[in-house]
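Please read the structure below before turning to the comments.
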2 protein chains.
Amino acid sequence: MHRFSKKVSMTVVKRLPKYYQYLTDLQLNDIEKISSRELASLMGLTASQIRQDLNSFGGYGQQGYGYNVSELRNAIKDILGLDYEYSCIIIGAGNMGHAIANYERFRREGIILKGVFDVDPLRIGTVVGSVVVKHMDELEEFVSQNEIDVCILCVPREVGQQIANQVTSFGIQGILNFSPMDLEVPKGVEVENVNITDSLFTLTYRLKDYKISTEDNPETSDD
Amino acid sequence: MHRFSKKVSMTVVKRLPKYYQYLTDLQLNDIEKISSRELASLMGLTASQIRQDLNSFGGYGQQGYGYNVSELRNAIKDILGLDYEYSCIIIGAGNMGHAIANYERFRREGIILKGVFDVDPLRIGTVVGSVVVKHMDELEEFVSQNEIDVCILCVPREVGQQIANQVTSFGIQGILNFSPMDLEVPKGVEVENVNITDSLFTLTYRLKDYKISTEDNPETSDD
DNA sequence: TAGATTGTTAATCGATTAACAATC
DNA sequence: TAGATTGTTAATCGATTAACAATC
């Protein structure tokens with residue numbers, strides 16, 4: 001019965017990393033307390049929403065005072081599961097795999113890179129993020145000998161599903177998927193997609209009007 | 001008054017790239033029509049939601065028949081603004097910059113890479129995604145001579161805001177931001193964040209329960 | 001025509017905003 | 001105590017689901 005039993009809505013959970021980020025920054029700047037109003041203006045939310053969000057788990061605020069930054073940060077850290085360490089492997093040692101492997105923040109938050117795998121002979125044996133790239137053939141044995149929590153998938157679309165099948169059959173419970181496709185996984189396996197193309201397209205959607213207004217439009221004069 | 005004037009809710013817009021992806025795949029497989037029920041089971045949505053979504057812009061369906069795949073795909077392509085070409089530059093020629101530069105799908109959908117910029121002398125002059133890396137000092141002139149729609153920002157957190165200030169002052173209207181921070185930009189400039197850490201943390205949130213249940217728990221026996 | 005499937009309305013659900021009493 | 005600010009309730013808004021008449 002330790003930790004938070006109240007269930008937090010997924011909408012709120014998706015905002016928690018952002019809260020965590022801002023609270024971490026505040027803490028680094030030695031700011032000890034913050035009100036919902038101040039945090040709201042910082043993060044671009046409403047004070048009301050923040051109070052609702054933070055109240056959906058414990059009561060970390062204090063009337064007349066606000067929220068204690070480090071206390072609230074720790075609470076959110078716990079909720080996000082960041083009080084544990086997670087072992088991860090990267091599959092696909094291309095540019096994206098490299099980028100993630102060198103992402104310092106992951107290690108700092110307890111996501112420990114244990115292995116990198118690829119099938120390209122040119123990549124195998126090279127060092128990526130302090131780890132030597134192994135061939136995919138060694139994956140099964142590696143996973144059975146090292147408890148791996150997360151697989152970071154950075155492979156082409158064509159092989160994504162097949163590799164997802166493999167890693168889940170080896171018992172990996174979480175996939176952070178950079179391959180541009182949806183994955184079908186057994187029940188119980190958690191997948192988080194990072195779909196760069198999707199993000200780009202919501203941007204082009206918003207740029208479209210600007211694009212239209214700046215294009216040559218010879219019919220404008222007669223109405 | 002050409003094109004879609006009905007406003008589509010942002011919730012729906014965020015789903016459109018996924019529709020677009022699935023419809024593209026269907027088209028590649030020579031499938032001409034699809035019902036909301038079939039598409040729902042494919043995409044993991046409800047048929048009802050799909051009909052609501054697709055009906056928030058034009059009436060691309062036909063009773064008793066379903067939706068014409070290529071017609072619907074074209075409509076969504078238009079709404080997402082993908083009937084235009086967009087020029088883009090990448091700032092930051094690190095691993096992430098490389099990864100994006102080599103992302104074939106961007107070019108295929110009309111996002112054309114025009115330049116890559118960095119400050120690291122070792123990177124300047126190298127070729128990234130068929131483009132020669134230039135020094136940031138050349139950015140202003142480059143942007144003034146090439147109409148650039150989108151800046152893809154792949155720089156460290158520390159310099160993200162400063163570079164965003166620069167590119168917006170040069171007139172760039174859209175930023176796809178891979179730097180792990182929120183950007184303050186002038187009104188009218190559109191920013192889409194791809195925050196990898198945030199994605200990872202919503203994954204650890206979901207893995208937490210599993211982690212708890214598998215950790216050694218010597219107190220379990222006495223209750 | 002009969003069957004299928006949309007478009008659309010109504011019902012439900014959930015999230016955000018507003019307001020204020022509780023309380024530090 | 002007086003002022004500030006939360007926790008929490010109520011009101012509003014928006015999104016999803018359900019249901020079915022319209023129609024191809």
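Identifiers in this document derive from the order of the structure tokens: chains are assigned A, B, ..., residues are numbered from 1 separately in each chain, and ligands are numbered from 1 in order of occurrence.
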For this session: Please identify every residue of chain B that has at least one atom no more than 8 Å from any atom of chain C, counting only C-alpha atoms (C1' of nucleotides), and report them as JSON, numbers by chain.
Result: {"B": [35, 51, 55, 61, 62, 63, 64, 65, 66]}
Kindly provide the residues of chain A that approach chain B to within 8 Å, each paired with its closest atom pair and their distance in Å to one decimal, based on only C-alpha atoms, listed by chain and increasing number, as JSON lines.
```
{"residue": "A:Val13", "atom": "CA", "partner": "B:Thr202", "partner_atom": "CA", "distance": 6.9}
{"residue": "A:Lys14", "atom": "CA", "partner": "B:Thr202", "partner_atom": "CA", "distance": 6.3}
{"residue": "A:Pro17", "atom": "CA", "partner": "B:Asp198", "partner_atom": "CA", "distance": 5.2}
{"residue": "A:Lys18", "atom": "CA", "partner": "B:Asp198", "partner_atom": "CA", "distance": 7.0}
{"residue": "A:Ile79", "atom": "CA", "partner": "B:Tyr205", "partner_atom": "CA", "distance": 6.7}
{"residue": "A:Leu80", "atom": "CA", "partner": "B:Tyr205", "partner_atom": "CA", "distance": 4.3}
{"residue": "A:Gly81", "atom": "CA", "partner": "B:Lys208", "partner_atom": "CA", "distance": 5.0}
{"residue": "A:Leu82", "atom": "CA", "partner": "B:Thr204", "partner_atom": "CA", "distance": 7.1}
{"residue": "A:Tyr84", "atom": "CA", "partner": "B:Lys211", "partner_atom": "CA", "distance": 7.9}
{"residue": "A:Gly94", "atom": "CA", "partner": "B:Ala99", "partner_atom": "CA", "distance": 7.7}
{"residue": "A:Asn95", "atom": "CA", "partner": "B:Ala99", "partner_atom": "CA", "distance": 4.7}
{"residue": "A:Met96", "atom": "CA", "partner": "B:Ala99", "partner_atom": "CA", "distance": 5.2}
{"residue": "A:His98", "atom": "CA", "partner": "B:Asn95", "partner_atom": "CA", "distance": 6.1}
{"residue": "A:Ala99", "atom": "CA", "partner": "B:Asn95", "partner_atom": "CA", "distance": 4.7}
{"residue": "A:Arg105", "atom": "CA", "partner": "B:Thr197", "partner_atom": "CA", "distance": 7.7}
{"residue": "A:Phe106", "atom": "CA", "partner": "B:Thr197", "partner_atom": "CA", "distance": 7.2}
{"residue": "A:Gln173", "atom": "CA", "partner": "B:Leu207", "partner_atom": "CA", "distance": 7.4}
{"residue": "A:Gly174", "atom": "CA", "partner": "B:Leu207", "partner_atom": "CA", "distance": 6.8}
{"residue": "A:Ile175", "atom": "CA", "partner": "B:Leu203", "partner_atom": "CA", "distance": 8.0}
{"residue": "A:Leu176", "atom": "CA", "partner": "B:Leu200", "partner_atom": "CA", "distance": 6.8}
{"residue": "A:Glu190", "atom": "CA", "partner": "B:Arg206", "partner_atom": "CA", "distance": 6.9}
{"residue": "A:Val191", "atom": "CA", "partner": "B:Leu203", "partner_atom": "CA", "distance": 7.2}
{"residue": "A:Glu192", "atom": "CA", "partner": "B:Leu203", "partner_atom": "CA", "distance": 6.0}
{"residue": "A:Asn193", "atom": "CA", "partner": "B:Ser199", "partner_atom": "CA", "distance": 7.6}
{"residue": "A:Val194", "atom": "CA", "partner": "B:Ser199", "partner_atom": "CA", "distance": 7.0}
{"residue": "A:Ile196", "atom": "CA", "partner": "B:Val194", "partner_atom": "CA", "distance": 7.2}
{"residue": "A:Thr197", "atom": "CA", "partner": "B:Phe106", "partner_atom": "CA", "distance": 7.2}
{"residue": "A:Asp198", "atom": "CA", "partner": "B:Pro17", "partner_atom": "CA", "distance": 5.2}
{"residue": "A:Ser199", "atom": "CA", "partner": "B:Glu192", "partner_atom": "CA", "distance": 6.6}
{"residue": "A:Leu200", "atom": "CA", "partner": "B:Leu176", "partner_atom": "CA", "distance": 6.8}
{"residue": "A:Phe201", "atom": "CA", "partner": "B:Leu80", "partner_atom": "CA", "distance": 6.2}
{"residue": "A:Thr202", "atom": "CA", "partner": "B:Lys14", "partner_atom": "CA", "distance": 6.3}
{"residue": "A:Leu203", "atom": "CA", "partner": "B:Glu192", "partner_atom": "CA", "distance": 6.0}
{"residue": "A:Thr204", "atom": "CA", "partner": "B:Gly81", "partner_atom": "CA", "distance": 5.6}
{"residue": "A:Tyr205", "atom": "CA", "partner": "B:Leu80", "partner_atom": "CA", "distance": 4.3}
{"residue": "A:Arg206", "atom": "CA", "partner": "B:Glu190", "partner_atom": "CA", "distance": 6.9}
{"residue": "A:Leu207", "atom": "CA", "partner": "B:Gly174", "partner_atom": "CA", "distance": 6.8}
{"residue": "A:Lys208", "atom": "CA", "partner": "B:Gly81", "partner_atom": "CA", "distance": 5.0}
{"residue": "A:Lys211", "atom": "CA", "partner": "B:Tyr84", "partner_atom": "CA", "distance": 8.0}
```
Exercise. Contacts of Ser87 (chain B) at 9 Å or less, counting only C-alpha atoms (C1' of nucleotides), minus same-chain residues fewer than 4 places along, as a VMD selection string?
Worked result: chain B and resid 110 to 114 146 to 151
Could the residues in this selection be saved with C-alpha atoms as a short mmCIF file (atom, residue, chain, number, x, y, z; two decimals), in the first residue's frame?
```cif
data_model
loop_
_atom_site.label_atom_id
_atom_site.label_comp_id
_atom_site.auth_asym_id
_atom_site.auth_seq_id
_atom_site.Cartn_x
_atom_site.Cartn_y
_atom_site.Cartn_z
CA GLY B 110 7.05 17.45 -49.97
CA ILE B 111 9.20 18.64 -47.09
CA ILE B 112 12.38 19.64 -48.88
CA LEU B 113 15.65 19.99 -47.01
CA LYS B 114 17.41 23.14 -48.16
CA ASN B 146 15.76 31.04 -49.79
CA GLU B 147 12.16 31.02 -48.71
CA ILE B 148 12.23 28.71 -45.71
CA ASP B 149 9.00 27.51 -44.15
CA VAL B 150 10.18 25.23 -41.40
CA CYS B 151 13.16 25.08 -39.09
#
```
For this session: If you run DSSP over the backbone, which residues in region 143-184 of chain A end up strand (DSSP E)? Put them as a list in words.
Result: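 DSSP on the backbone gives strand (DSSP E) at Val150, Cys151, Ile152, Leu153, Gly174, Ile175, Leu176 and Asn177 of chain A.
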Problem set entry | Residue neighbourhood Asp118 (chain A), 9 Å, only C-alpha atoms (C1' of nucleotides), exclusion window fewer than 3 positions, as a list in words |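 Here the answer would be Ile90, Ile91, Gly92, Ala93, Gly94, Pro121, Arg123, Ile124, Val133, Lys134, His135, Met136 and Val155 of chain A.
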I need the residues from that last selection saved to file as an mmCIF file, in the first residue's frame (with N, CA and C atoms), if you can.
```
data_model
loop_
_atom_site.group_PDB
_atom_site.id
_atom_site.type_symbol
_atom_site.label_atom_id
_atom_site.label_comp_id
_atom_site.auth_asym_id
_atom_site.auth_seq_id
_atom_site.Cartn_x
_atom_site.Cartn_y
_atom_site.Cartn_z
ATOM 1 N N ILE A 90 18.761 -0.562 -27.181
ATOM 2 C CA ILE A 90 18.367 0.125 -28.402
ATOM 3 C C ILE A 90 18.509 -0.864 -29.547
ATOM 4 N N ILE A 91 17.491 -0.961 -30.371
ATOM 5 C CA ILE A 91 17.626 -1.798 -31.562
ATOM 6 C C ILE A 91 17.629 -0.892 -32.779
ATOM 7 N N GLY A 92 18.696 -1.016 -33.533
ATOM 8 C CA GLY A 92 18.892 -0.109 -34.667
ATOM 9 C C GLY A 92 19.937 0.930 -34.327
ATOM 10 N N ALA A 93 21.158 0.755 -34.845
ATOM 11 C CA ALA A 93 22.255 1.661 -34.503
ATOM 12 C C ALA A 93 22.486 2.693 -35.602
ATOM 13 N N GLY A 94 21.414 3.114 -36.231
ATOM 14 C CA GLY A 94 21.506 4.199 -37.208
ATOM 15 C C GLY A 94 21.591 5.543 -36.518
ATOM 16 N N PRO A 121 26.712 -5.451 -40.610
ATOM 17 C CA PRO A 121 28.069 -5.844 -40.173
ATOM 18 C C PRO A 121 28.976 -4.639 -39.940
ATOM 19 N N ARG A 123 28.205 -1.932 -38.587
ATOM 20 C CA ARG A 123 27.898 -1.278 -37.310
ATOM 21 C C ARG A 123 28.279 -2.149 -36.118
ATOM 22 N N ILE A 124 28.244 -3.460 -36.332
ATOM 23 C CA ILE A 124 28.501 -4.367 -35.220
ATOM 24 C C ILE A 124 29.951 -4.242 -34.778
ATOM 25 N N VAL A 133 28.066 -2.357 -30.118
ATOM 26 C CA VAL A 133 26.919 -2.855 -30.879
ATOM 27 C C VAL A 133 27.045 -4.352 -31.129
ATOM 28 N N LYS A 134 25.981 -5.073 -30.818
ATOM 29 C CA LYS A 134 25.959 -6.522 -31.029
ATOM 30 C C LYS A 134 25.026 -6.866 -32.188
ATOM 31 N N HIS A 135 25.207 -8.076 -32.701
ATOM 32 C CA HIS A 135 24.299 -8.546 -33.753
ATOM 33 C C HIS A 135 22.973 -9.001 -33.133
ATOM 34 N N MET A 136 21.925 -8.800 -33.881
ATOM 35 C CA MET A 136 20.586 -9.198 -33.436
ATOM 36 C C MET A 136 20.516 -10.656 -33.002
ATOM 37 N N VAL A 155 14.273 1.202 -35.898
ATOM 38 C CA VAL A 155 14.528 0.406 -37.095
ATOM 39 C C VAL A 155 13.585 0.833 -38.209
#
```
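Relative to CA of Ala75 (chain B), CA of Gln52 (chain B) is found at 15.4 Å.
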For this session: Work out how far CA of Leu45 (chain B) is from CA of Leu72 (chain B), in Å to one decimal.
Result: 17.2 Å
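You will find CA of Ile89 (chain B) at 5.6 Å from CA of Val116 (chain B).
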Exercise. In region 41-139 of chain A, what's helix (DSSP H, G or I) per DSSP? Answer as a ChimeraX atom specification?
Worked result: /A:41-43,47-55,69-79,95-101,104-108,136-139
